[in-house]
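A.B. asks: The structure is given below, and queries will be raised subsequently.
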Amino acid sequence: GMVEEPYMIKRGDYLSKIAKNELGDWTKWREIYEYNREMIGDDPNRIYPYRFLQLLKAAAVAKDCQVEFYDYTIEEGDTPWNLAGNVFGDELAWIIIYMDNQDMIDRNGGIIYPGMVFQLRKELDPCK
């Protein structure tokens with residue numbers, strides 16, 4: 001059977017490249033697009049780093065992508081932007097930090113303050 005595997009979009013990715021690398025056939029970009037159209041929107045060329053696509057793969061070849069976290073206590077001056085740069089080497093990955101800690105951030109009206117404990121990924125993309 002087929003299962004969904006999450007795929008984290010990288011900088012410089014486009015659908016035909018993802019189709020070639022992940023499904024072995026660049027022409028399958030349309031399948032990826034149709035399957036993820038709700039998330040991508042009307043323009044298949046507009047995909048953004050650190051958002052997730054779902055790829056349909058045979059269960060036998062799908063990767064096990066368990067995300068592991070560790071606690072990180074927010075310090076003075078921390079922002080999701082500079083944290084992402086320091087921890088993951090790319091400020092754009094702030095979207096992942098936000099996604100992983102969204103409930104707490106939203107509960108605090110979008111404000112991040114010293115002493116908050118965030119969950120940070122041990123590996124940005126456990127599927128790679």
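Residue numbering restarts at 1 for every chain of the structure tokens, chains are lettered A, B, ... in their displayed order, and ligands are numbered from 1 as they appear.
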Write out as JSON, numbers by chain all residues of segment 48-116 of chain A that DSSP puts in helix (DSSP H, G or I) for this structure's backbone.
C.D. replies: {"A": [80, 81, 82, 83, 84, 85, 86, 87, 88, 91, 92, 93, 94, 95, 96, 97, 98, 99, 100, 102, 103, 104, 105, 106, 107]}
A.B. asks: From the DSSP assignment of the backbone, select every residue of segment 18-57 of chain A that is strand (DSSP E or B), and format the answer as a list of chain:residue names.
C.D. replies: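 Secondary structure check on segment 18-57 of chain A, strand (DSSP E or B): A:Phe52, A:Leu53, A:Gln54, A:Leu55, A:Leu56, A:Lys57.
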A.B. asks: Calculated over only C-alpha atoms, which of the candidates A:Arg11, A:Arg121, A:Arg30, A:Arg107 has the smallest distance to Tyr48 of chain A?
C.D. replies: A:Arg11
A.B. asks: Can you pull out the residues contacting Ile97 of chain A? Cut-off 9 Å, using only C-alpha atoms, and skip same-chain residues under 6 positions away; I want them as a count of residues only.
C.D. replies: 8
A.B. asks: Do you know which residues are at most 8 Å from segment 73-78 of chain A counting only C-alpha atoms, after dropping those on the same chain fewer than 4 positions away, and could you put them as a ChimeraX atom specification?
C.D. replies: /A:82-83,112-118
A.B. asks: Let's have the selection written as a CSV table (one decimal), in the first residue's frame, with N, CA, C and O atoms.
C.D. replies:
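What follows is the written file out.csv:
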chain,number,residue,atom,x,y,z
A,82,ASN,N,16.6,34.6,15.0
A,82,ASN,CA,18.0,34.4,15.3
A,82,ASN,C,18.3,33.0,15.9
A,82,ASN,O,19.3,32.4,15.8
A,83,LEU,N,17.2,32.5,16.6
A,83,LEU,CA,17.4,31.1,17.1
A,83,LEU,C,17.6,30.1,16.0
A,83,LEU,O,18.4,29.2,16.0
A,112,ILE,N,7.4,36.4,22.9
A,112,ILE,CA,8.4,35.4,23.4
A,112,ILE,C,9.2,36.1,24.5
A,112,ILE,O,9.7,37.3,24.2
A,113,TYR,N,9.4,35.5,25.6
A,113,TYR,CA,10.1,36.2,26.7
A,113,TYR,C,11.0,35.2,27.4
A,113,TYR,O,10.8,34.0,27.3
A,114,PRO,N,12.1,35.7,28.0
A,114,PRO,CA,13.1,34.9,28.7
A,114,PRO,C,12.4,34.0,29.7
A,114,PRO,O,11.5,34.4,30.4
A,115,GLY,N,12.9,32.7,29.8
A,115,GLY,CA,12.3,31.8,30.7
A,115,GLY,C,11.3,30.8,30.1
A,115,GLY,O,11.0,29.8,30.6
A,116,MET,N,10.7,31.2,28.9
A,116,MET,CA,9.8,30.3,28.2
A,116,MET,C,10.7,29.0,27.8
A,116,MET,O,11.8,29.2,27.4
A,117,VAL,N,10.0,27.9,27.8
A,117,VAL,CA,10.8,26.7,27.4
A,117,VAL,C,10.2,26.2,26.1
A,117,VAL,O,9.0,25.8,26.0
A,118,PHE,N,11.0,26.3,25.1
A,118,PHE,CA,10.6,25.8,23.7
A,118,PHE,C,11.1,24.4,23.5
A,118,PHE,O,12.0,23.9,24.1
A.B. asks: Would you work out the distance separating atom CA of Pro6 of chain A from atom CA of Asp43 of chain A, expressed in Å to one decimal?
C.D. replies: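 Going from atom CA of Pro6 of chain A over to atom CA of Asp43 of chain A, I get 20.3 Å.
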A.B. asks: At a cut-off of 7 Å, using only C-alpha atoms, what residues contact Tyr7 of chain A? Leave out same-chain residues fewer than 3 positions from it and give the result as a list in words.
C.D. replies: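 Here the qualifying residues turn out to be Phe52, Leu53, Gln54 and Leu55 of chain A.
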A.B. asks: Taking only C-alpha atoms into account, name the residue in A:Asn45, A:Glu38, A:Gly89, A:Val3 that is nearest to Ser16 of chain A.
C.D. replies: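 With only C-alpha atoms as the atom set, the closest residue is A:Asn45.
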